[in-house]
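For reference, start15.cif (mmCIF, C-alpha atoms):
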```
data_final
#
loop_
_atom_site.group_PDB
_atom_site.id
_atom_site.type_symbol
_atom_site.label_atom_id
_atom_site.label_comp_id
_atom_site.auth_asym_id
_atom_site.auth_seq_id
_atom_site.Cartn_x
_atom_site.Cartn_y
_atom_site.Cartn_z
ATOM 1 C CA MET R 2 0.000 0.000 0.000
ATOM 2 C CA ARG R 3 1.404 3.391 -1.029
ATOM 3 C CA SER R 4 2.274 5.771 1.769
ATOM 4 C CA ALA R 5 -0.224 8.489 2.588
ATOM 5 C CA ALA R 6 0.681 12.095 3.336
ATOM 6 C CA LEU R 7 -2.731 13.271 4.554
ATOM 7 C CA ILE R 8 -6.126 11.998 5.666
ATOM 8 C CA ALA R 9 -8.836 14.437 4.560
ATOM 9 C CA VAL R 10 -12.460 14.207 5.703
ATOM 10 C CA ASP R 11 -15.531 15.927 4.284
ATOM 11 C CA TRP R 12 -17.816 15.622 7.329
ATOM 12 C CA GLY R 13 -21.379 16.837 6.932
ATOM 13 C CA THR R 14 -24.721 16.477 8.676
ATOM 14 C CA THR R 15 -25.710 13.067 7.300
ATOM 15 C CA HIS R 16 -22.537 11.538 5.865
ATOM 16 C CA ALA R 17 -18.772 11.576 6.247
ATOM 17 C CA ARG R 18 -16.303 10.825 3.455
ATOM 18 C CA ALA R 19 -12.604 10.241 4.079
ATOM 19 C CA TYR R 20 -9.824 10.526 1.499
ATOM 20 C CA ARG R 21 -6.373 9.015 1.798
ATOM 21 C CA LEU R 22 -4.067 11.358 -0.128
ATOM 22 C CA ASP R 23 -0.455 11.141 -1.282
ATOM 23 C CA ASP R 24 2.073 13.984 -1.148
ATOM 24 C CA ALA R 25 0.839 15.393 -4.470
ATOM 25 C CA GLY R 26 -2.831 15.386 -3.462
ATOM 26 C CA GLY R 27 -3.618 12.233 -5.415
ATOM 27 C CA VAL R 28 -6.449 10.112 -4.039
ATOM 28 C CA LEU R 29 -5.175 6.734 -2.838
ATOM 29 C CA GLY R 30 -8.478 5.633 -1.344
ATOM 30 C CA VAL R 31 -11.960 6.777 -0.333
ATOM 31 C CA ARG R 32 -14.172 5.610 2.530
ATOM 32 C CA ALA R 33 -17.692 6.852 3.262
ATOM 33 C CA ALA R 34 -20.270 6.125 5.935
ATOM 34 C CA PRO R 35 -23.562 7.561 7.280
ATOM 35 C CA LEU R 36 -21.682 9.092 10.202
ATOM 36 C CA GLY R 37 -22.683 12.728 9.769
ATOM 37 C CA ILE R 38 -22.951 14.849 12.890
ATOM 38 C CA GLY R 39 -26.729 14.416 12.925
ATOM 39 C CA GLN R 40 -26.486 10.612 12.816
ATOM 40 C CA LEU R 41 -24.092 9.806 15.650
ATOM 41 C CA GLY R 42 -26.487 9.472 18.577
ATOM 42 C CA ASP R 43 -24.385 8.415 21.569
ATOM 43 C CA LEU R 44 -21.325 7.659 19.438
ATOM 44 C CA ALA R 45 -18.436 9.933 20.425
ATOM 45 C CA TYR R 46 -16.627 11.825 17.682
ATOM 46 C CA PRO R 47 -13.259 10.086 18.190
ATOM 47 C CA ASP R 48 -15.020 6.725 17.898
ATOM 48 C CA ALA R 49 -16.918 7.857 14.804
ATOM 49 C CA LEU R 50 -13.656 8.948 13.181
ATOM 50 C CA ALA R 51 -11.999 5.642 14.045
ATOM 51 C CA ARG R 52 -14.947 3.735 12.571
ATOM 52 C CA LEU R 53 -14.802 5.797 9.378
ATOM 53 C CA LEU R 54 -11.046 5.464 8.912
ATOM 54 C CA GLY R 55 -10.648 1.815 9.912
ATOM 55 C CA ASP R 56 -7.021 0.738 9.506
ATOM 56 C CA TRP R 57 -6.140 4.198 8.177
ATOM 57 C CA SER R 58 -6.261 5.296 11.825
ATOM 58 C CA ASP R 59 -2.897 3.619 12.341
ATOM 59 C CA GLU R 60 -1.108 5.833 9.818
ATOM 60 C CA PRO R 61 0.970 8.598 11.472
ATOM 61 C CA VAL R 62 -0.081 11.339 9.058
ATOM 62 C CA PRO R 63 -1.884 14.669 9.546
ATOM 63 C CA ARG R 64 -5.672 14.737 9.461
ATOM 64 C CA ILE R 65 -7.880 17.582 8.317
ATOM 65 C CA ALA R 66 -11.661 17.960 8.013
ATOM 66 C CA CYS R 67 -14.220 20.410 6.698
ATOM 67 C CA GLY R 68 -17.981 20.710 6.997
ATOM 68 C CA MET R 69 -20.516 20.647 9.802
ATOM 69 C CA VAL R 70 -18.096 18.828 12.078
ATOM 70 C CA GLY R 71 -16.808 22.346 12.784
ATOM 71 C CA SER R 72 -20.223 23.793 13.661
ATOM 72 C CA ARG R 73 -21.514 24.526 17.158
ATOM 73 C CA GLN R 74 -23.241 21.138 17.053
ATOM 74 C CA GLY R 75 -20.085 19.392 15.813
ATOM 75 C CA TRP R 76 -16.945 17.992 17.380
ATOM 76 C CA ARG R 77 -15.308 21.368 17.965
ATOM 77 C CA GLU R 78 -16.497 24.749 16.707
ATOM 78 C CA ALA R 79 -14.248 26.330 14.099
ATOM 79 C CA PRO R 80 -15.405 29.973 14.077
ATOM 80 C CA TYR R 81 -16.316 31.577 10.769
ATOM 81 C CA VAL R 82 -13.776 33.848 9.135
ATOM 82 C CA ASP R 83 -14.872 36.851 7.111
ATOM 83 C CA CYS R 84 -14.632 37.230 3.364
ATOM 84 C CA PRO R 85 -12.507 37.917 1.467
ATOM 85 C CA ALA R 86 -10.673 34.771 2.558
ATOM 86 C CA SER R 87 -7.658 33.001 1.067
ATOM 87 C CA LEU R 88 -6.050 29.621 1.616
ATOM 88 C CA SER R 89 -3.677 31.194 4.129
ATOM 89 C CA VAL R 90 -6.572 32.747 6.061
ATOM 90 C CA LEU R 91 -8.404 29.425 6.253
ATOM 91 C CA SER R 92 -5.252 27.535 7.194
ATOM 92 C CA SER R 93 -4.503 29.973 10.009
ATOM 93 C CA GLY R 94 -8.009 29.395 11.359
ATOM 94 C CA LEU R 95 -7.692 25.612 11.708
ATOM 95 C CA VAL R 96 -9.035 24.315 15.022
ATOM 96 C CA GLU R 97 -7.578 21.193 16.648
ATOM 97 C CA THR R 98 -9.813 18.659 18.397
ATOM 98 C CA GLY R 99 -6.956 17.297 20.501
ATOM 99 C CA PRO R 100 -4.436 14.422 20.420
ATOM 100 C CA GLY R 101 -5.418 11.681 17.993
ATOM 101 C CA GLY R 102 -8.114 13.903 16.548
ATOM 102 C CA ILE R 103 -8.283 16.129 13.526
ATOM 103 C CA ALA R 104 -7.784 19.741 12.423
ATOM 104 C CA ILE R 105 -11.024 21.433 11.350
ATOM 105 C CA VAL R 106 -11.306 24.074 8.635
ATOM 106 C CA PRO R 107 -13.348 27.173 9.575
ATOM 107 C CA GLY R 108 -16.380 28.233 7.588
ATOM 108 C CA LEU R 109 -16.826 31.594 5.885
ATOM 109 C CA ALA R 110 -19.071 34.550 6.689
ATOM 110 C CA THR R 111 -20.147 37.641 4.788
ATOM 111 C CA ARG R 112 -22.951 40.207 4.794
ATOM 112 C CA ASP R 113 -25.242 41.261 1.989
ATOM 113 C CA ALA R 114 -25.902 44.834 0.873
ATOM 114 C CA ALA R 115 -28.489 45.240 3.640
ATOM 115 C CA GLY R 116 -26.100 43.981 6.310
ATOM 116 C CA VAL R 117 -27.759 40.566 6.746
ATOM 117 C CA PRO R 118 -25.182 37.851 7.519
ATOM 118 C CA ASP R 119 -24.590 34.823 5.320
ATOM 119 C CA VAL R 120 -22.469 31.753 6.090
ATOM 120 C CA MET R 121 -21.062 28.618 4.544
ATOM 121 C CA ARG R 122 -19.326 25.628 6.080
ATOM 122 C CA GLY R 123 -17.702 22.994 3.901
ATOM 123 C CA GLU R 124 -18.409 24.698 0.594
ATOM 124 C CA GLU R 125 -15.393 27.007 1.037
ATOM 125 C CA THR R 126 -13.160 23.945 0.816
ATOM 126 C CA GLN R 127 -14.887 22.639 -2.312
ATOM 127 C CA ILE R 128 -14.576 26.062 -3.922
ATOM 128 C CA LEU R 129 -10.846 26.342 -3.290
ATOM 129 C CA GLY R 130 -10.400 22.773 -4.499
ATOM 130 C CA ALA R 131 -12.352 23.380 -7.697
ATOM 131 C CA VAL R 132 -10.717 26.658 -8.734
ATOM 132 C CA PRO R 133 -6.936 26.720 -9.341
ATOM 133 C CA ALA R 134 -5.098 29.227 -7.169
ATOM 134 C CA ASP R 135 -3.962 31.276 -10.175
ATOM 135 C CA SER R 136 -7.395 31.485 -11.846
ATOM 136 C CA PRO R 137 -8.837 34.889 -12.720
ATOM 137 C CA ARG R 138 -12.178 35.958 -11.309
ATOM 138 C CA THR R 139 -14.598 33.012 -11.449
ATOM 139 C CA LEU R 140 -18.250 32.589 -10.484
ATOM 140 C CA VAL R 141 -18.709 29.228 -8.743
ATOM 141 C CA VAL R 142 -22.112 27.624 -8.153
ATOM 142 C CA LEU R 143 -22.637 24.830 -5.618
ATOM 143 C CA PRO R 144 -26.248 23.600 -5.960
ATOM 144 C CA GLY R 145 -27.940 21.782 -3.127
ATOM 145 C CA THR R 146 -30.169 22.124 -0.094
ATOM 146 C CA HIS R 147 -28.708 25.600 0.368
ATOM 147 C CA SER R 148 -27.198 26.609 -2.975
ATOM 148 C CA LYS R 149 -24.088 28.772 -2.808
ATOM 149 C CA TRP R 150 -22.801 31.201 -5.437
ATOM 150 C CA ALA R 151 -19.281 32.487 -4.807
ATOM 151 C CA SER R 152 -16.978 34.998 -6.458
ATOM 152 C CA VAL R 153 -13.415 33.658 -6.455
ATOM 153 C CA GLU R 154 -10.251 35.330 -7.691
ATOM 154 C CA ARG R 155 -6.689 33.953 -7.554
ATOM 155 C CA GLY R 156 -7.292 31.687 -4.586
ATOM 156 C CA VAL R 157 -9.438 34.162 -2.651
ATOM 157 C CA VAL R 158 -13.154 33.748 -1.944
ATOM 158 C CA ARG R 159 -14.210 37.368 -2.378
ATOM 159 C CA ASP R 160 -17.897 37.045 -1.521
ATOM 160 C CA PHE R 161 -20.838 34.644 -1.723
ATOM 161 C CA THR R 162 -24.603 34.380 -1.399
ATOM 162 C CA THR R 163 -27.010 31.574 -0.489
ATOM 163 C CA CYS R 164 -30.372 30.407 -1.865
ATOM 164 C CA MET R 165 -32.510 27.845 0.016
ATOM 165 C CA THR R 166 -33.469 26.183 -3.266
ATOM 166 C CA GLY R 167 -33.322 22.501 -2.357
ATOM 167 C CA GLU R 168 -34.837 22.830 1.102
ATOM 168 C CA LEU R 169 -37.636 25.067 -0.155
ATOM 169 C CA HIS R 170 -38.502 22.547 -2.884
ATOM 170 C CA GLU R 171 -38.684 19.761 -0.317
ATOM 171 C CA ALA R 172 -40.913 21.865 1.947
ATOM 172 C CA LEU R 173 -43.295 22.759 -0.886
ATOM 173 C CA VAL R 174 -43.582 19.153 -2.053
ATOM 174 C CA ARG R 175 -43.929 17.572 1.386
ATOM 175 C CA HIS R 176 -45.934 20.118 3.326
ATOM 176 C CA THR R 177 -48.237 22.039 0.961
ATOM 177 C CA ILE R 178 -51.187 21.349 -1.286
ATOM 178 C CA LEU R 179 -48.817 21.473 -4.262
ATOM 179 C CA GLY R 180 -47.149 18.230 -3.262
ATOM 180 C CA ARG R 181 -50.475 16.494 -2.735
ATOM 181 C CA LEU R 182 -51.362 17.204 -6.360
ATOM 182 C CA ALA R 183 -48.589 14.843 -7.413
ATOM 183 C CA ASP R 184 -49.283 11.972 -4.993
ATOM 184 C CA GLY R 185 -49.263 8.685 -6.866
ATOM 185 C CA ALA R 186 -48.974 10.376 -10.260
ATOM 186 C CA SER R 187 -46.243 10.044 -12.845
ATOM 187 C CA GLY R 188 -45.642 12.500 -15.659
ATOM 188 C CA ALA R 189 -44.713 11.502 -19.210
ATOM 189 C CA ASP R 190 -41.864 13.985 -19.729
ATOM 190 C CA THR R 191 -40.455 15.453 -16.546
ATOM 191 C CA GLY R 192 -37.627 17.152 -18.472
ATOM 192 C CA GLU R 193 -40.135 19.245 -20.371
ATOM 193 C CA ALA R 194 -41.900 20.159 -17.123
ATOM 194 C CA PHE R 195 -38.590 21.198 -15.553
ATOM 195 C CA ASP R 196 -37.805 23.378 -18.571
ATOM 196 C CA ARG R 197 -41.204 25.065 -18.351
ATOM 197 C CA GLY R 198 -40.605 25.779 -14.682
ATOM 198 C CA VAL R 199 -37.168 27.229 -15.406
ATOM 199 C CA GLU R 200 -38.640 29.590 -18.003
ATOM 200 C CA ARG R 201 -41.231 30.735 -15.487
ATOM 201 C CA GLY R 202 -38.577 31.227 -12.819
ATOM 202 C CA LEU R 203 -36.402 33.276 -15.138
ATOM 203 C CA GLY R 204 -39.316 35.604 -15.860
ATOM 204 C CA ALA R 205 -40.326 38.811 -14.153
ATOM 205 C CA GLY R 206 -43.244 37.465 -12.110
ATOM 206 C CA GLY R 207 -43.576 37.546 -8.341
ATOM 207 C CA PHE R 208 -42.298 34.419 -6.605
ATOM 208 C CA MET R 209 -45.277 33.602 -4.377
ATOM 209 C CA HIS R 210 -47.707 34.075 -7.256
ATOM 210 C CA ASP R 211 -45.572 31.916 -9.545
ATOM 211 C CA VAL R 212 -45.439 29.086 -6.988
ATOM 212 C CA PHE R 213 -49.239 28.952 -6.871
ATOM 213 C CA GLY R 214 -49.124 28.475 -10.632
ATOM 214 C CA ALA R 215 -48.241 24.817 -10.038
ATOM 215 C CA ARG R 216 -51.743 24.313 -8.647
ATOM 216 C CA THR R 217 -53.637 26.365 -11.215
ATOM 217 C CA LEU R 218 -51.803 24.867 -14.189
ATOM 218 C CA ALA R 219 -52.693 21.401 -12.894
ATOM 219 C CA LEU R 220 -56.331 22.386 -12.285
ATOM 220 C CA ALA R 221 -56.551 23.755 -15.830
ATOM 221 C CA GLY R 222 -55.155 20.538 -17.268
ATOM 222 C CA GLU R 223 -52.047 22.325 -18.547
ATOM 223 C CA LEU R 224 -49.635 20.514 -16.214
ATOM 224 C CA ALA R 225 -49.864 16.794 -15.490
ATOM 225 C CA PRO R 226 -50.080 16.018 -11.754
ATOM 226 C CA GLY R 227 -46.971 13.874 -12.076
ATOM 227 C CA ASP R 228 -45.051 16.852 -13.455
ATOM 228 C CA VAL R 229 -45.784 19.216 -10.567
ATOM 229 C CA THR R 230 -42.626 18.442 -8.574
ATOM 230 C CA GLU R 231 -40.400 18.844 -11.646
ATOM 231 C CA TRP R 232 -42.103 22.091 -12.628
ATOM 232 C CA LEU R 233 -41.584 23.415 -9.109
ATOM 233 C CA SER R 234 -37.937 22.362 -9.205
ATOM 234 C CA GLY R 235 -37.465 24.220 -12.464
ATOM 235 C CA LEU R 236 -39.251 27.280 -11.100
ATOM 236 C CA LEU R 237 -37.001 27.433 -8.042
ATOM 237 C CA VAL R 238 -33.788 26.848 -9.977
ATOM 238 C CA GLY R 239 -34.818 29.435 -12.560
ATOM 239 C CA ARG R 240 -35.578 31.994 -9.856
ATOM 240 C CA GLU R 241 -32.265 31.231 -8.147
ATOM 241 C CA ILE R 242 -30.460 31.914 -11.416
ATOM 242 C CA ARG R 243 -32.443 35.070 -12.119
ATOM 243 C CA ASP R 244 -31.883 36.631 -8.718
ATOM 244 C CA THR R 245 -28.301 35.518 -8.159
ATOM 245 C CA ARG R 246 -27.184 36.540 -11.629
ATOM 246 C CA ARG R 247 -28.280 40.045 -10.664
ATOM 247 C CA TRP R 248 -26.259 39.790 -7.438
ATOM 248 C CA ALA R 249 -23.174 38.736 -9.402
ATOM 249 C CA GLU R 250 -23.526 41.475 -11.994
ATOM 250 C CA GLN R 251 -23.888 44.130 -9.315
ATOM 251 C CA ALA R 252 -20.636 42.878 -7.767
ATOM 252 C CA GLY R 253 -18.840 43.177 -11.092
ATOM 253 C CA ASP R 254 -18.642 39.449 -11.844
ATOM 254 C CA ASP R 255 -19.043 37.961 -15.309
ATOM 255 C CA ALA R 256 -22.405 36.199 -14.942
ATOM 256 C CA THR R 257 -22.357 34.836 -18.497
ATOM 257 C CA ARG R 258 -20.249 31.837 -17.435
ATOM 258 C CA VAL R 259 -20.140 29.765 -14.255
ATOM 259 C CA LEU R 260 -18.382 26.742 -12.780
ATOM 260 C CA VAL R 261 -20.789 24.194 -11.262
ATOM 261 C CA VAL R 262 -19.548 21.994 -8.404
ATOM 262 C CA ALA R 263 -22.058 19.243 -7.626
ATOM 263 C CA SER R 264 -22.873 15.574 -8.052
ATOM 264 C CA GLU R 265 -23.288 14.407 -11.639
ATOM 265 C CA VAL R 266 -27.088 14.257 -11.395
ATOM 266 C CA LEU R 267 -27.514 17.658 -9.763
ATOM 267 C CA ALA R 268 -24.939 19.284 -12.026
ATOM 268 C CA ALA R 269 -26.812 18.026 -15.109
ATOM 269 C CA ARG R 270 -30.010 19.641 -13.863
ATOM 270 C CA TYR R 271 -28.302 23.000 -13.369
ATOM 271 C CA LEU R 272 -26.453 22.793 -16.685
ATOM 272 C CA ARG R 273 -29.838 22.341 -18.357
ATOM 273 C CA ALA R 274 -31.217 25.394 -16.566
ATOM 274 C CA PHE R 275 -28.141 27.516 -17.286
ATOM 275 C CA ALA R 276 -28.417 26.685 -20.981
ATOM 276 C CA ARG R 277 -31.976 28.014 -21.020
ATOM 277 C CA ALA R 278 -30.754 31.162 -19.267
ATOM 278 C CA GLY R 279 -28.039 31.710 -21.867
ATOM 279 C CA ILE R 280 -25.240 31.102 -19.377
ATOM 280 C CA GLU R 281 -22.162 29.064 -20.291
ATOM 281 C CA ALA R 282 -21.565 26.467 -17.577
ATOM 282 C CA ALA R 283 -18.724 24.022 -16.948
ATOM 283 C CA THR R 284 -18.429 21.416 -14.193
ATOM 284 C CA GLY R 285 -15.769 21.253 -11.509
ATOM 285 C CA PRO R 286 -13.869 18.156 -10.314
ATOM 286 C CA ALA R 287 -15.755 15.413 -8.493
ATOM 287 C CA ASP R 288 -13.150 15.390 -5.699
ATOM 288 C CA ALA R 289 -13.180 19.151 -5.089
ATOM 289 C CA ALA R 290 -13.410 18.694 -1.302
ATOM 290 C CA ALA R 291 -10.323 16.463 -1.253
ATOM 291 C CA LYS R 292 -8.385 18.919 -3.419
ATOM 292 C CA GLY R 293 -9.420 21.826 -1.211
ATOM 293 C CA LEU R 294 -8.463 20.051 2.001
ATOM 294 C CA PHE R 295 -5.079 19.163 0.518
ATOM 295 C CA ARG R 296 -4.417 22.757 -0.513
ATOM 296 C CA ILE R 297 -5.415 24.090 2.907
ATOM 297 C CA ALA R 298 -3.186 21.511 4.599
ATOM 298 C CA CYS R 299 -0.291 22.595 2.359
ATOM 299 C CA ALA R 300 -0.898 26.251 3.195
ATOM 300 C CA ALA R 301 -0.805 25.299 6.882
ATOM 301 C CA GLY R 302 2.522 23.519 6.421
ATOM 302 C CA ARG R 303 1.071 20.097 7.209
ATOM 303 C CA VAL R 304 2.117 18.625 3.881
ATOM 304 C CA ALA R 305 5.605 19.464 2.654
ATOM 305 C CA VAL R 306 4.934 20.432 -0.959
ATOM 306 C CA GLU R 307 1.807 20.886 -3.068
ATOM 307 C CA THR R 308 2.422 19.814 -6.637
ATOM 308 C CA ALA R 309 -1.192 19.157 -7.666
#
```
Could you write out this file's structure as structure tokens?
Amino acid sequence: MRSAALIAVDWGTTHARAYRLDDAGGVLGVRAAPLGIGQLGDLAYPDALARLLGDWSDEPVPRIACGMVGSRQGWREAPYVDCPASLSVLSSGLVETGPGGIAIVPGLATRDAAGVPDVMRGEETQILGAVPADSPRTLVVLPGTHSKWASVERGVVRDFTTCMTGELHEALVRHTILGRLADGASGADTGEAFDRGVERGLGAGGFMHDVFGARTLALAGELAPGDVTEWLSGLLVGREIRDTRRWAEQAGDDATRVLVVASEVLAARYLRAFARAGIEAATGPADAAAKGLFRIACAAGRVAVETA
């Protein structure tokens, strides 16, 4: 077995994923388990880490983690650092859990134009892993439960904003009359329904009125009950793009092209929506979290040389 230089862990609310990395950041192995901070019950964090790593625990190499493990509800709180934030800023904010534990990457904080705070935890590592340190200004999109859009320039996260797209879709489908319209039904072409929703979301209508359109379109026979959830998904993604593109343009970013960092399935959905919005979109690396953790560890002097 090749020697490892670093153990890197992306530790979220539901799952934890560990990477065994060599001294160039190459992935030697991956282990994952449903050991997120919300799933541990009475299991102590050191025991959860040992269970996740298995025999990797015996390797005398540095360990580093990002994600909700550094929240107030996690193993040890790693306080947010303010944007703009670079690799060196994040590395200087690492928090140690103690002997035999792990170093935790801090999250990022910012404020919008009205002074309302915004935060991210875990995504900052993916961003810095997805965007090379010498890249010019780049707009990065991380879709999900709480979608993040970040402005990055030469290894510095300048600013970001959050949209509750995924969580809002789940709430609408599970807890409103809109979701009940689709119970037991299956649409013939969910892609077409998603596209229609995206077009509606990109438009100039009011959000709460547009959401109710899922019900009225179904009542009028213009939207199949089985297509309601896809139409709503498209509506929310389209509105996210419409509103956040405006945010990016006001900040001086080029909103005509973006880098999407997400799973293959979720990235495909956003690429489809971006195409309808006239935005050029590329996808980032699948192992962005591992790359980001390696780069932060290098900046902290925990790995001798970064050649990746």
So which residues touch Gly180 (chain R) within 12 Å, counting only C-alpha atoms, skipping near sequence neighbours fewer than 4 positions away, as a tab-separated table (two decimals) with C-alpha atoms, keeping the file's coordinate frame?
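Resulting contents of selection05.tsv:
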```tsv
chain	number	residue	atom	x	y	z
R	170	HIS	CA	-38.50	22.55	-2.88
R	171	GLU	CA	-38.68	19.76	-0.32
R	172	ALA	CA	-40.91	21.86	1.95
R	173	LEU	CA	-43.30	22.76	-0.89
R	174	VAL	CA	-43.58	19.15	-2.05
R	175	ARG	CA	-43.93	17.57	1.39
R	176	HIS	CA	-45.93	20.12	3.33
R	184	ASP	CA	-49.28	11.97	-4.99
R	185	GLY	CA	-49.26	8.68	-6.87
R	186	ALA	CA	-48.97	10.38	-10.26
R	212	VAL	CA	-45.44	29.09	-6.99
R	213	PHE	CA	-49.24	28.95	-6.87
R	215	ALA	CA	-48.24	24.82	-10.04
R	216	ARG	CA	-51.74	24.31	-8.65
R	219	ALA	CA	-52.69	21.40	-12.89
R	226	PRO	CA	-50.08	16.02	-11.75
R	227	GLY	CA	-46.97	13.87	-12.08
R	228	ASP	CA	-45.05	16.85	-13.46
R	229	VAL	CA	-45.78	19.22	-10.57
R	230	THR	CA	-42.63	18.44	-8.57
R	231	GLU	CA	-40.40	18.84	-11.65
R	232	TRP	CA	-42.10	22.09	-12.63
R	233	LEU	CA	-41.58	23.42	-9.11
R	234	SER	CA	-37.94	22.36	-9.20
```
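For the set R:Gly293, R:Gly101, R:Gly13, R:Gly55, the residue with the smallest atom-to-atom gap to Pro35 (chain R) is R:Gly13, counting all atoms listed in the file.
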- request: Given the file shown, determine the residues that the PyMOL selection byres ((chain R and resi 299-306) around 6) selects; report them as a list of chain:residue names.
  value: R:Ser89, R:Ser92, R:Arg296, R:Ile297, R:Ala298, R:Glu307
field: Interatomic distance (Å, one decimal) between CA of Gly279 (chain R) and CA of Thr257 (chain R)
entry: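 Computing it gives 7.3 Å between the two atoms.
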query: Just how far from CA of Ala33 (chain R) is CA of His16 (chain R), in Å to one decimal?
result: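 If I compute the distance from CA of His16 (chain R) to CA of Ala33 (chain R), I get 7.2 Å.
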query: From the list R:Met165, R:Met69, R:Ile178, R:Val199, which residue is nearest Ala276 (chain R) when using only C-alpha atoms?
result: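 For Ala276 (chain R), the nearest of the candidates is R:Val199.
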- prompt: Evaluating the PyMOL selection byres ((chain R and resi 75) around 10) on the displayed file yields which residues, as a PyMOL selection string?
  reply: chain R and resi 12-14+37-39+46+68-74+76-79
Residues within 9 Å of Gly156 (chain R), all atoms listed in the file, excluding chain neighbours under 6 positions, as a list of chain:residue names: R:Ala86, R:Ser87, R:Leu88, R:Leu129, R:Val132, R:Pro133, R:Ala134, R:Asp135, R:Ser136, R:Pro137
query: Just so the selection is clear, what residues does the PyMOL selection byres ((chain R and resi 58-65) around 6) cover here, as a list in words?
result: Ala6, Leu7, Ile8, Ala9, Leu54, Gly55, Asp56, Trp57, Ala66, Ile103, Ala104 and Ile105 of chain R
- request: Would you mind listing what lies within 12 Å of Thr245 (chain R) as a VMD selection string, with only C-alpha atoms counted and same-chain residues fewer than 2 positions away left out?
  value: chain R and resid 140 to 142 148 to 152 161 to 166 203 237 to 243 247 to 252 254 to 257 259
field: All residues 8 Å or closer to Gly285 (chain R), all atoms listed in the file, same chain fewer than 5 positions away omitted, as number ranges by chain
entry: R: 131-132, 260-263
- prompt: Between CA of Arg18 (chain R) and CA of Thr284 (chain R), what is the spacing in Å?
  reply: 20.7 Å
